[in-house]
Each structure stands twice: as structure tokens, then as C-alpha cells.
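Structure below is query-v2.tsv: TSV, C-alpha atoms.
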chain	number	residue	atom	x	y	z
Q	1292	MET	CA	-7.34	-22.32	344.35
Q	1293	SER	CA	-8.75	-24.10	341.35
Q	1294	ASN	CA	-7.05	-27.26	340.22
Q	1295	ILE	CA	-3.36	-26.42	340.18
Q	1296	LEU	CA	-2.57	-29.27	337.80
Q	1297	ASP	CA	-4.82	-27.67	335.18
Q	1298	ILE	CA	-3.15	-24.31	335.68
Q	1299	ILE	CA	0.33	-25.75	335.23
Q	1300	SER	CA	-0.82	-27.74	332.22
Q	1301	ALA	CA	-2.34	-24.62	330.67
Q	1302	GLU	CA	0.94	-22.73	331.06
Q	1303	ASN	CA	2.77	-25.42	329.12
Q	1304	ILE	CA	0.38	-25.48	326.20
Q	1305	LYS	CA	0.99	-23.67	322.94
Q	1306	LYS	CA	-1.73	-21.09	322.52
Q	1307	ASP	CA	-1.50	-21.35	318.74
Q	1308	ALA	CA	-1.27	-25.13	318.69
Q	1309	PRO	CA	-1.63	-26.29	315.10
Q	1310	LYS	CA	-4.93	-27.91	314.21
Q	1311	PHE	CA	-4.87	-31.34	312.63
Q	1312	GLU	CA	-6.89	-34.50	312.88
Q	1313	ILE	CA	-6.54	-38.25	312.77
Q	1314	GLY	CA	-5.96	-39.42	309.21
Q	1315	ASP	CA	-4.44	-36.16	308.06
Q	1316	THR	CA	-1.35	-36.33	305.89
Q	1317	VAL	CA	1.05	-33.86	307.48
Q	1318	LYS	CA	4.58	-32.53	307.30
Q	1319	VAL	CA	6.02	-32.08	310.78
Q	1320	SER	CA	8.94	-29.66	311.04
Q	1321	ALA	CA	10.89	-30.33	314.19
Q	1322	LYS	CA	14.11	-28.84	315.49
Q	1323	ILE	CA	16.74	-31.46	316.12
Q	1324	ARG	CA	20.18	-31.13	317.52
Q	1325	GLU	CA	23.12	-32.86	315.93
Q	1326	GLY	CA	26.52	-32.39	317.57
Q	1327	GLY	CA	25.86	-28.85	318.76
Q	1328	LYS	CA	24.22	-27.73	315.53
Q	1329	GLU	CA	20.51	-27.17	315.35
Q	1330	ARG	CA	18.56	-27.84	312.20
Q	1331	ILE	CA	15.00	-28.45	311.17
Q	1332	GLN	CA	13.97	-31.92	310.10
Q	1333	ILE	CA	10.79	-32.50	308.19
Q	1334	PHE	CA	8.93	-35.74	308.83
Q	1335	PRO	CA	6.03	-36.37	306.44
Q	1336	GLY	CA	3.38	-38.98	307.08
Q	1337	THR	CA	-0.11	-39.82	308.27
Q	1338	VAL	CA	-1.39	-38.98	311.74
Q	1339	ILE	CA	-2.57	-42.32	313.11
Q	1340	ALA	CA	-3.15	-41.49	316.78
Q	1341	ARG	CA	-3.39	-38.71	319.33
Q	1342	SER	CA	-3.09	-39.55	322.99
Q	1343	GLY	CA	-2.91	-37.78	326.31
Q	1344	GLU	CA	-4.39	-34.44	327.18
Q	1345	GLY	CA	-3.27	-30.97	328.12
Q	1346	ALA	CA	0.47	-30.44	328.01
Q	1347	ASN	CA	1.02	-34.21	327.89
Q	1348	GLU	CA	-0.66	-34.69	324.53
Q	1349	THR	CA	1.27	-36.54	321.85
Q	1350	PHE	CA	0.56	-37.65	318.29
Q	1351	THR	CA	1.93	-40.46	316.16
Q	1352	VAL	CA	2.94	-39.99	312.53
Q	1353	ARG	CA	3.44	-43.00	310.30
Q	1354	ARG	CA	5.13	-43.17	306.94
Q	1355	THR	CA	6.66	-45.82	304.77
Q	1356	SER	CA	10.31	-45.19	304.08
Q	1357	PHE	CA	12.11	-47.47	301.59
Q	1358	GLY	CA	9.46	-50.11	302.12
Q	1359	VAL	CA	9.81	-50.03	305.89
Q	1360	GLY	CA	7.09	-48.60	308.12
Q	1361	VAL	CA	8.39	-45.79	310.36
Q	1362	GLU	CA	6.43	-44.23	313.19
Q	1363	LYS	CA	7.40	-41.21	315.21
Q	1364	VAL	CA	5.69	-39.87	318.31
Q	1365	PHE	CA	5.78	-36.10	318.83
Q	1366	PRO	CA	4.51	-34.05	321.78
Q	1367	VAL	CA	1.90	-31.62	320.42
Q	1368	HIS	CA	3.06	-28.70	322.54
Q	1369	SER	CA	6.81	-29.22	322.30
Q	1370	PRO	CA	8.78	-26.04	321.61
Q	1371	HIS	CA	10.87	-28.14	319.21
Q	1372	ILE	CA	7.95	-28.53	316.85
Q	1373	VAL	CA	8.11	-25.55	314.57
Q	1374	ASN	CA	5.26	-26.26	312.22
Q	1375	ILE	CA	2.72	-28.91	311.29
Q	1376	GLU	CA	1.50	-28.53	307.73
Q	1377	VAL	CA	-1.67	-30.41	306.77
Q	1378	GLU	CA	-1.51	-31.56	303.18
Q	1379	ARG	CA	-4.56	-33.78	302.95
Q	1380	SER	CA	-7.42	-34.87	305.17
Q	1381	ALA	CA	-8.96	-38.32	305.02
Q	1382	HIS	CA	-12.35	-39.72	305.88
Q	1383	VAL	CA	-11.73	-42.03	308.81
Q	1384	ARG	CA	-14.11	-43.75	311.22
Q	1385	ARG	CA	-11.91	-44.42	314.19
Q	1386	ALA	CA	-9.60	-42.52	316.53
Q	1387	LYS	CA	-6.60	-44.84	316.22
Q	1388	LEU	CA	-5.56	-46.00	312.76
Q	1389	TYR	CA	-3.40	-48.87	313.97
Q	1390	PHE	CA	-4.93	-51.12	311.29
Q	1391	LEU	CA	-2.69	-49.32	308.78
Q	1392	ARG	CA	0.29	-51.18	310.27
Q	1393	GLN	CA	-1.10	-54.41	308.89
Q	1394	ARG	CA	-1.50	-52.99	305.41
Q	1395	SER	CA	0.81	-51.81	302.69
Q	1396	GLY	CA	0.67	-50.39	299.19
Q	1397	ARG	CA	-2.76	-49.70	297.72
Q	1398	LYS	CA	-4.52	-51.24	300.71
Q	1399	ALA	CA	-3.03	-48.60	303.02
Q	1400	ARG	CA	-4.73	-45.71	301.25
Q	1401	LEU	CA	-7.32	-43.60	303.05
Q	1402	ARG	CA	-10.36	-42.06	301.41
Q	1403	ASP	CA	-10.09	-38.29	300.97
Q	1404	ARG	CA	-12.53	-36.13	302.85
Q	1405	LYS	CA	-14.78	-33.97	300.73
D	989	MET	CA	13.76	-23.85	358.51
D	990	ASP	CA	14.58	-26.88	356.44
D	991	GLY	CA	11.27	-28.57	355.67
D	992	LEU	CA	7.51	-28.36	355.30
D	993	ILE	CA	4.49	-30.62	355.54
D	994	GLY	CA	2.45	-30.96	352.37
D	995	LYS	CA	0.34	-33.01	350.04
D	996	LYS	CA	1.16	-34.75	346.77
D	997	ILE	CA	-1.17	-33.34	344.11
D	998	GLY	CA	-0.12	-35.37	341.08
D	999	MET	CA	2.24	-35.54	338.15
D	1000	THR	CA	2.39	-33.62	334.91
D	1001	GLN	CA	5.12	-32.26	332.67
D	1002	VAL	CA	6.68	-28.91	331.89
D	1003	TRP	CA	9.07	-27.78	329.18
D	1004	GLY	CA	12.64	-27.02	330.16
D	1005	GLU	CA	14.66	-24.09	328.88
D	1006	ASP	CA	16.07	-25.97	325.92
D	1007	GLY	CA	12.71	-27.47	325.05
D	1008	VAL	CA	13.18	-30.82	326.78
D	1009	ARG	CA	10.28	-32.43	328.55
D	1010	ILE	CA	10.61	-32.55	332.34
D	1011	PRO	CA	8.34	-34.94	334.25
D	1012	VAL	CA	7.32	-33.21	337.48
D	1013	THR	CA	5.40	-33.98	340.64
D	1014	VAL	CA	3.27	-31.14	341.98
D	1015	ILE	CA	3.43	-30.86	345.77
D	1016	GLU	CA	1.30	-28.46	347.77
D	1017	ALA	CA	3.39	-27.57	350.80
D	1018	GLY	CA	2.74	-25.21	353.69
D	1019	PRO	CA	2.14	-22.61	354.89
D	1020	CYS	CA	3.24	-24.20	358.15
D	1021	PRO	CA	3.08	-22.39	361.49
D	1022	VAL	CA	5.62	-23.20	364.18
D	1023	VAL	CA	3.72	-24.82	367.05
D	1024	GLN	CA	6.55	-25.62	369.43
D	1025	VAL	CA	10.28	-25.07	369.65
D	1026	LYS	CA	12.19	-27.78	371.49
D	1027	THR	CA	15.58	-27.04	372.96
D	1028	ALA	CA	18.43	-29.18	374.23
D	1029	GLU	CA	18.19	-27.73	377.73
D	1030	LYS	CA	14.50	-28.36	378.16
D	1031	ASP	CA	13.68	-31.32	375.92
D	1032	GLY	CA	17.06	-32.97	375.44
D	1033	TYR	CA	17.30	-32.16	371.73
D	1034	ASP	CA	16.78	-29.28	369.31
D	1035	SER	CA	13.82	-29.34	366.97
D	1036	VAL	CA	11.01	-27.28	365.57
D	1037	GLN	CA	7.47	-28.63	365.51
D	1038	LEU	CA	5.47	-27.48	362.50
D	1039	GLY	CA	1.72	-27.72	361.98
D	1040	TRP	CA	-0.13	-27.94	358.71
D	1041	SER	CA	-3.70	-27.63	357.44
D	1042	GLU	CA	-6.40	-26.01	359.58
D	1043	GLN	CA	-8.86	-28.27	361.33
D	1044	LYS	CA	-12.09	-27.73	363.22
D	1045	ALA	CA	-11.59	-27.79	366.98
D	1046	SER	CA	-14.41	-30.31	367.32
D	1047	ARG	CA	-12.43	-32.84	365.31
D	1048	LEU	CA	-9.39	-32.70	367.59
D	1049	SER	CA	-8.78	-33.64	371.19
D	1050	LYS	CA	-8.76	-30.90	373.83
D	1051	ALA	CA	-5.06	-31.48	374.32
D	1052	GLU	CA	-4.34	-30.82	370.65
D	1053	VAL	CA	-6.51	-27.69	370.60
D	1054	ALA	CA	-4.84	-26.33	373.71
D	1055	HIS	CA	-1.39	-27.13	372.31
D	1056	CYS	CA	-2.16	-25.03	369.21
D	1057	ALA	CA	-3.71	-22.23	371.25
D	1058	LYS	CA	-0.58	-22.04	373.39
D	1059	ALA	CA	1.46	-21.36	370.26
D	1060	GLY	CA	-0.87	-18.48	369.45
D	1061	LEU	CA	-2.45	-20.03	366.35
D	1062	GLU	CA	-5.85	-18.74	365.30
D	1063	LYS	CA	-7.06	-22.15	364.19
D	1064	PRO	CA	-5.84	-25.56	365.36
D	1065	VAL	CA	-3.97	-27.72	362.86
D	1066	ARG	CA	-4.53	-31.21	361.55
D	1067	MET	CA	-0.95	-32.44	361.49
D	1068	LEU	CA	2.14	-31.89	363.59
D	1069	ARG	CA	5.63	-32.93	362.55
D	1070	GLU	CA	9.05	-32.22	364.00
D	1071	PHE	CA	12.08	-31.07	362.05
D	1072	LYS	CA	15.64	-31.08	363.32
D	1073	SER	CA	17.03	-27.63	363.88
D	1074	LYS	CA	20.34	-26.10	364.74
D	1075	SER	CA	19.08	-22.54	364.74
D	1076	GLY	CA	16.28	-23.10	367.23
D	1077	ALA	CA	16.83	-19.73	368.86
D	1078	GLU	CA	15.77	-17.76	365.80
D	1079	VAL	CA	12.40	-19.48	365.47
D	1080	LYS	CA	9.50	-18.83	367.80
D	1081	PRO	CA	6.00	-20.34	368.01
D	1082	GLY	CA	3.58	-18.62	365.67
D	1083	ASP	CA	6.11	-18.01	362.90
D	1084	ILE	CA	4.83	-19.15	359.52
D	1085	PHE	CA	6.94	-20.79	356.82
D	1086	ASP	CA	5.96	-21.37	353.20
D	1087	VAL	CA	7.53	-22.70	350.01
D	1088	THR	CA	9.82	-19.68	349.67
D	1089	ILE	CA	12.24	-21.54	351.98
D	1090	PHE	CA	13.09	-23.73	348.98
D	1091	GLU	CA	14.17	-20.80	346.80
D	1092	GLY	CA	17.92	-20.61	346.44
D	1093	GLY	CA	19.97	-23.16	348.36
D	1094	SER	CA	21.07	-26.37	346.71
D	1095	GLY	CA	17.97	-26.62	344.55
D	1096	TYR	CA	17.34	-30.18	345.66
D	1097	VAL	CA	14.85	-31.67	348.13
D	1098	ASP	CA	14.12	-35.00	349.78
D	1099	VAL	CA	10.47	-36.07	349.89
D	1100	ILE	CA	9.22	-38.43	352.59
D	1101	GLY	CA	5.88	-40.15	352.19
D	1102	THR	CA	3.99	-43.37	352.72
D	1103	SER	CA	4.40	-45.67	349.74
D	1104	MET	CA	1.35	-47.20	348.11
D	1105	GLY	CA	0.20	-50.41	349.80
D	1106	ARG	CA	0.52	-53.56	347.74
D	1107	GLY	CA	-0.98	-56.02	350.23
D	1108	PHE	CA	0.43	-59.49	350.87
D	1109	GLN	CA	2.92	-60.30	348.12
D	1110	GLY	CA	5.06	-63.32	347.30
D	1111	VAL	CA	8.84	-63.29	347.07
D	1112	VAL	CA	8.94	-62.83	343.30
D	1113	ARG	CA	7.12	-59.49	343.45
D	1114	ARG	CA	8.32	-58.36	346.86
D	1115	TRP	CA	12.02	-59.14	346.60
D	1116	GLY	CA	12.55	-59.82	342.90
D	1117	PHE	CA	13.33	-63.55	343.29
D	1118	LYS	CA	13.52	-65.31	339.95
D	1119	GLY	CA	11.18	-68.19	340.76
D	1120	GLY	CA	11.50	-71.59	339.19
D	1121	PRO	CA	11.17	-72.72	335.57
D	1122	SER	CA	7.68	-72.82	334.13
D	1123	THR	CA	8.60	-75.67	331.77
D	1124	HIS	CA	10.99	-78.65	331.72
D	1125	GLY	CA	9.26	-80.29	334.65
D	1126	GLY	CA	9.50	-77.34	337.01
D	1127	ASN	CA	7.25	-77.42	340.04
D	1128	VAL	CA	8.55	-74.39	341.91
D	1129	LYS	CA	7.13	-71.62	339.74
D	1130	ARG	CA	6.96	-68.70	342.22
D	1131	ARG	CA	8.20	-70.38	345.39
D	1132	PRO	CA	11.07	-68.97	347.46
D	1133	GLY	CA	13.16	-72.17	347.34
D	1134	SER	CA	15.51	-73.02	350.17
D	1135	ILE	CA	15.43	-70.65	353.13
D	1136	GLY	CA	18.35	-72.00	355.12
D	1137	MET	CA	20.95	-74.64	355.88
D	1138	ARG	CA	20.75	-77.86	357.98
D	1139	GLN	CA	21.44	-78.80	361.60
D	1140	ASP	CA	24.18	-76.18	361.59
D	1141	PRO	CA	22.98	-73.43	362.14
D	1142	GLY	CA	19.66	-75.19	362.78
D	1143	LYS	CA	17.64	-72.01	362.45
D	1144	ILE	CA	16.55	-69.48	359.88
D	1145	TRP	CA	18.63	-66.30	359.96
D	1146	LYS	CA	16.83	-63.13	360.84
D	1147	ASN	CA	15.86	-60.82	357.95
D	1148	ARG	CA	15.42	-63.78	355.60
D	1149	LYS	CA	13.50	-62.41	352.61
D	1150	MET	CA	10.06	-64.00	352.56
D	1151	SER	CA	6.57	-63.20	351.36
D	1152	GLY	CA	4.54	-60.70	353.37
D	1153	HIS	CA	3.05	-57.26	353.39
D	1154	MET	CA	4.54	-54.90	350.82
D	1155	GLY	CA	4.33	-51.14	350.58
D	1156	ALA	CA	2.43	-48.70	352.81
D	1157	ARG	CA	5.55	-47.80	354.72
D	1158	ARG	CA	7.55	-44.64	355.20
D	1159	THR	CA	9.72	-44.04	352.16
D	1160	THR	CA	12.19	-41.29	351.38
D	1161	THR	CA	13.09	-40.20	347.87
D	1162	GLN	CA	16.34	-38.28	347.97
D	1163	ASN	CA	17.78	-35.51	345.82
D	1164	LEU	CA	14.81	-34.48	343.69
D	1165	LYS	CA	15.55	-31.34	341.70
D	1166	ILE	CA	13.28	-28.38	342.27
D	1167	VAL	CA	11.91	-27.31	338.90
D	1168	GLN	CA	9.70	-24.46	340.02
D	1169	VAL	CA	8.59	-22.76	343.25
D	1170	ARG	CA	5.19	-21.05	343.13
D	1171	PRO	CA	4.63	-19.13	346.37
D	1172	GLU	CA	1.26	-17.75	345.19
D	1173	ASP	CA	-0.16	-21.29	344.98
D	1174	ASN	CA	1.87	-22.76	347.89
D	1175	VAL	CA	3.19	-25.26	345.40
D	1176	ILE	CA	6.55	-26.63	344.36
D	1177	LEU	CA	7.35	-28.74	341.33
D	1178	VAL	CA	10.04	-31.38	341.68
D	1179	ARG	CA	11.53	-33.50	338.93
D	1180	GLY	CA	10.51	-37.15	339.08
D	1181	ALA	CA	8.18	-39.25	341.20
D	1182	VAL	CA	7.56	-39.12	344.94
D	1183	PRO	CA	6.21	-41.88	347.20
D	1184	GLY	CA	2.51	-42.33	347.85
D	1185	PRO	CA	-0.81	-41.80	346.10
D	1186	ASN	CA	-2.11	-38.46	344.84
D	1187	GLY	CA	-3.51	-36.63	347.85
D	1188	GLY	CA	-1.13	-38.43	350.22
D	1189	TYR	CA	0.71	-36.50	352.91
D	1190	VAL	CA	4.39	-35.88	352.39
D	1191	ILE	CA	7.23	-34.13	354.15
D	1192	VAL	CA	9.45	-32.01	351.92
D	1193	ARG	CA	12.86	-31.07	353.24
D	1194	LYS	CA	16.02	-29.60	351.83
D	1195	ALA	CA	18.21	-32.41	350.54
D	1196	LEU	CA	20.49	-33.69	353.28
D	1197	LYS	CA	23.16	-34.99	350.94
D	1198	LYS	CA	23.46	-32.02	348.58
D	1199	LYS	CA	25.71	-29.14	349.47
D	1200	ALA	CA	24.23	-25.67	349.19
D	1201	VAL	CA	25.47	-23.86	346.10
D	1202	LYS	CA	27.29	-20.68	347.00
D	1203	ALA	CA	25.80	-17.68	345.26
Representation of the structure as C-alpha cells:
Amino acid sequence: MSNILDIISAENIKKDAPKFEIGDTVKVSAKIREGGKERIQIFPGTVIARSGEGANETFTVRRTSFGVGVEKVFPVHSPHIVNIEVERSAHVRRAKLYFLRQRSGRKARLRDRK
Amino acid sequence: MDGLIGKKIGMTQVWGEDGVRIPVTVIEAGPCPVVQVKTAEKDGYDSVQLGWSEQKASRLSKAEVAHCAKAGLEKPVRMLREFKSKSGAEVKPGDIFDVTIFEGGSGYVDVIGTSMGRGFQGVVRRWGFKGGPSTHGGNVKRRPGSIGMRQDPGKIWKNRKMSGHMGARRTTTQNLKIVQVRPEDNVILVRGAVPGPNGGYVIVRKALKKKAVKA
């Protein structure tokens, strides 16, 4: 028996997991449930972190909404995540872009990747 | 049979039917051969002794090896544990049980293990005492405070909560939901955490306090 934890993790991973990277500007479409009704909510923003591995992996999307910073953490392999659309990719030099929390406006821009 | 001996492998997560995340502990349990059946007439009580995990004969005492051989096991086992039984007559030495015993039934198990050792701990960590103030002239930061009265009763009551060794004792976690049973891997997945470190030995038994669901 090879490592059973890896086997279980592999079963709970999406085979066609969407590809995206740190610094990407994405639109996350996630199913949410409101009072028995299911609908799809789109959360646009910048991917500032990925953490965990295997089935446990999550990513953090940050956006500024009405002047207030909003961050949302999604599990990468959640069945509730319908689609992750990459709109733009940025040139970044670190794995966690937490420095963006300290910045706003023009300072919070990221350089586009060529 | 109501329980098995096993090993905690570790924790991960799986997705539930409606897409919710379920934190699970992976437990490798069984297969466990019956080594001895105790009866009320002969031993004073009814129980079934299960073995688990093969072991080289050279690593066991002669008594242990002979005990396993008497039950008709091919290889001696590392661990022996007893489980209460009411249906002792139906089980005989040499029978083998695996995780399929947890299929059906109430769907809940109790897991018994040895909790992680924390060493010598003070009362704040061990018993959740509040401790004293860190400012305003306090000088009793993490001390236990008063431990008793005066000449009457003139002693400290037994079981007074004090500092001392914490953890590394037998702990039972009750009513953990079975998420998945995987007979091909000898593994069950239960929702939530179980006592002990990864790789620690545990006893998994059908939950005592949950009624079996009638099919």
C-alpha cells in the first residue's frame, strides 16, 4: 500500500483544475446557496496567495470594493467553484502578495507580464 | 464484533455530497484475528481478544508466541486487546475481522487513543485557570492562587487541580461519523480529530451511545 493519504487526496482533486498563478487578475465563479436557491456569484480580483497542497489547497483573491479591501479564500478543488477565468497576468517576484494590503490606488498596481 | 485495533495515519479532507468540505482522520484498522474468546463460565466475563499487526517471533516472548500459535495464527501478532462481547459463542479463535464491520450500523464510532504528551504544565495551561493580572501591581501572573481553606478543614481536598504532567493518557473521542469505509485499503475515514499523534495506536469501536439505525 502506497501512502493512503496521497491516494485519498488524489481522489478529491479536480483533474481539470484551472491553471492560474500568483498575481493573476481572475474572475472566480462560485456556486452559492441563498435560502434554498442556488446561483453563481462572480468574484473578481487579484490572486495574492496559494496555500496548502493536494486536496487541501486554497487560494486568496483580493479586490477593492467601494474603497474597502475585500479578500476571499477559496478551495482550489471545491465542487462549488465552477470556473476561474484569468484576465491578466502580472510580473511578480514573490509567492505571497500581502504587501498589496498596505497599498491602495496607483501604488497597488502590478506590472503586466509580457 | 464491535471494534478493531488500528493506527492513526493522519488528517486530510474530502468533499461531501453537496460540495461541503469534510475534515477527516484516516485510520488504518485491522485486519484483526481473534486470538482468544473468554466466557463467563471459564473466565468470569465475556470478551473477545483481538490481535493486530504481524510481528517476528524473535521480538516476542515465548508465552506470546505460544498464545498466538494456540489460536491457530500463522504469524504472531504485535498487539492484543480485549473487546466486550455478548455474542461470544459465534466467534472462534482464528476468525479475522476487518473494517467491513463498520459498514451499516449507526454510522458512528468511538476512537480510543493515547493523547499527545505535553510534559509538566502549570495550572493555566493544564486546567484553564485565569492567572493573575499582568499589570496594576499584579504579582501572581500564572500562579494557582489559594488551594484551600484554614484550620477547618485543615487539609487540601483530594483532586485539587494543580500543575503536573499533562497529556499522554488514554483518551476516548465519542461519536465520530464514519465518512468512508475502504475495505481494499483496510482504512476508514472518520469526521473530525482523534487522540494521539500520526502513527499512534488507536482502538476503533462502534459508538456506544448511538443507536443503530434500522434499515
(message) Rounded to one decimal, what separation in Å do you get between CA of Ser1035 in chain D and CA of Ser1073 in chain D?
(response)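 Straight-line distance from CA of Ser1035 in chain D to CA of Ser1073 in chain D works out to 4.8 Å.
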Per-residue nearest contacts range 1301-1329 of chain Q to range 1007-1024 of chain D, cut-off 12 Å, using all atoms listed in the file, as a Markdown table:
| residue | atom | partner | partner_atom | distance |
| --- | --- | --- | --- | --- |
| Q:Asn1303 | CA | D:Arg1009 | CA | 10.3 |
| Q:Ala1321 | CA | D:Gly1007 | CA | 11.4 |
| Q:Lys1322 | CA | D:Gly1007 | CA | 9.8 |
| Q:Ile1323 | CA | D:Gly1007 | CA | 10.6 |
| Q:Arg1324 | CA | D:Gly1007 | CA | 11.2 |
(request) Kindly give the distance, in Å, that separates CA of Ile1295 in chain Q and CA of Gly998 in chain D, rounded to a single decimal. (result) 9.6 Å
Using all atoms listed in the file, what table do you get, as a Markdown table, when you list each residue of chain Q with an atom no more than 12 Å from chain D, its nearest pair of atoms, and their distance in Å rounded to one decimal, rows by chain then rising number?
| residue | atom | partner | partner_atom | distance |
| --- | --- | --- | --- | --- |
| Q:Met1292 | CA | D:Asp1173 | CA | 7.3 |
| Q:Ser1293 | CA | D:Asp1173 | CA | 9.7 |
| Q:Asn1294 | CA | D:Ile997 | CA | 9.3 |
| Q:Ile1295 | CA | D:Asp1173 | CA | 7.7 |
| Q:Leu1296 | CA | D:Thr1000 | CA | 7.2 |
| Q:Asp1297 | CA | D:Thr1000 | CA | 9.4 |
| Q:Ile1298 | CA | D:Asp1173 | CA | 10.2 |
| Q:Ile1299 | CA | D:Val1002 | CA | 7.8 |
| Q:Ser1300 | CA | D:Thr1000 | CA | 7.2 |
| Q:Ala1301 | CA | D:Val1002 | CA | 10.1 |
| Q:Glu1302 | CA | D:Val1002 | CA | 8.5 |
| Q:Asn1303 | CA | D:Val1002 | CA | 5.9 |
| Q:Ile1304 | CA | D:Val1002 | CA | 9.2 |
| Q:Lys1305 | CA | D:Trp1003 | CA | 11.0 |
| Q:Ala1321 | CA | D:Gly1007 | CA | 11.4 |
| Q:Lys1322 | CA | D:Gly1007 | CA | 9.8 |
| Q:Ile1323 | CA | D:Gly1007 | CA | 10.6 |
| Q:Arg1324 | CA | D:Asp1006 | CA | 10.7 |
| Q:Glu1329 | CA | D:Asp1006 | CA | 11.5 |
| Q:Gly1343 | CA | D:Thr1000 | CA | 10.9 |
| Q:Glu1344 | CA | D:Thr1000 | CA | 10.3 |
| Q:Gly1345 | CA | D:Thr1000 | CA | 9.2 |
| Q:Ala1346 | CA | D:Gln1001 | CA | 6.8 |
| Q:Asn1347 | CA | D:Gln1001 | CA | 6.6 |
| Q:Glu1348 | CA | D:Gln1001 | CA | 10.3 |
| Q:Thr1349 | CA | D:Arg1009 | CA | 12.0 |
| Q:Phe1365 | CA | D:Arg1009 | CA | 11.3 |
| Q:Pro1366 | CA | D:Arg1009 | CA | 9.0 |
| Q:Val1367 | CA | D:Arg1009 | CA | 11.7 |
| Q:His1368 | CA | D:Trp1003 | CA | 9.0 |
| Q:Ser1369 | CA | D:Gly1007 | CA | 6.7 |
| Q:Pro1370 | CA | D:Gly1007 | CA | 5.4 |
| Q:His1371 | CA | D:Gly1007 | CA | 6.2 |
| Q:Ile1372 | CA | D:Gly1007 | CA | 9.5 |
| Q:Val1373 | CA | D:Gly1007 | CA | 11.6 |
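Interatomic distance, CA of Gly1110 in chain D to CA of Arg1148 in chain D: 13.3 Å.
With distances taken over all atoms listed in the file, D:Gly1039 is the one residue among D:Gly1039, D:Thr1123, D:Thr1161, D:Ser1134 lying closest to Ile1084 in chain D.
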(message) So that I can check the surroundings of Gly1136 in chain D, please list as a ChimeraX atom specification every protein, DNA and RNA residue that reaches within 12 Å of it, counting only C-alpha atoms and ignoring chain neighbours fewer than 6 positions away.
(response) /D:1142-1150
(request) Can you work out which one of D:Ser1094, D:Thr1159, D:Asn1127, D:Gln1168 has the shortest atom-to-atom distance to Pro1183 in chain D, counting all atoms listed in the file? (result) D:Thr1159
Give me, as an mmCIF file with C-alpha atoms, in the coordinates of the input, all polymer residues having an atom no more than 10 Å from Ser1356 in chain Q, counting only C-alpha atoms and skipping those fewer than 5 positions away in the same chain.
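The resulting selection23.cif:
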data_model
loop_
_atom_site.group_PDB
_atom_site.id
_atom_site.type_symbol
_atom_site.label_atom_id
_atom_site.label_comp_id
_atom_site.auth_asym_id
_atom_site.auth_seq_id
_atom_site.Cartn_x
_atom_site.Cartn_y
_atom_site.Cartn_z
ATOM 1 C CA GLY Q 1336 3.380 -38.980 307.080
ATOM 2 C CA VAL Q 1361 8.390 -45.790 310.360
ATOM 3 C CA GLU Q 1362 6.430 -44.230 313.190
#
(request) Between Q:Lys1387, Q:Lys1328, Q:Arg1397, Q:Arg1379, single out the one closest to Thr1351 in chain Q, counting all atoms listed in the file. (result) Q:Lys1387
(request) Could you tell me which of D:Gly1155, D:Gly1095, D:Gly1082, D:Gly1126 comes closest to Val1178 in chain D if we count only C-alpha atoms? (result)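 Going through D:Gly1155, D:Gly1095, D:Gly1082, D:Gly1126 one by one, the smallest distance to Val1178 in chain D is for D:Gly1095.
Residues lying within 7 Å of (3.6, -32.5, 351.5). Counted over only C-alpha atoms, they are Leu992, Ile993, Gly994, Lys995, Lys996, Ile1015, Glu1016, Ala1017, Tyr1189, Val1190, Ile1191 and Val1192 of chain D.
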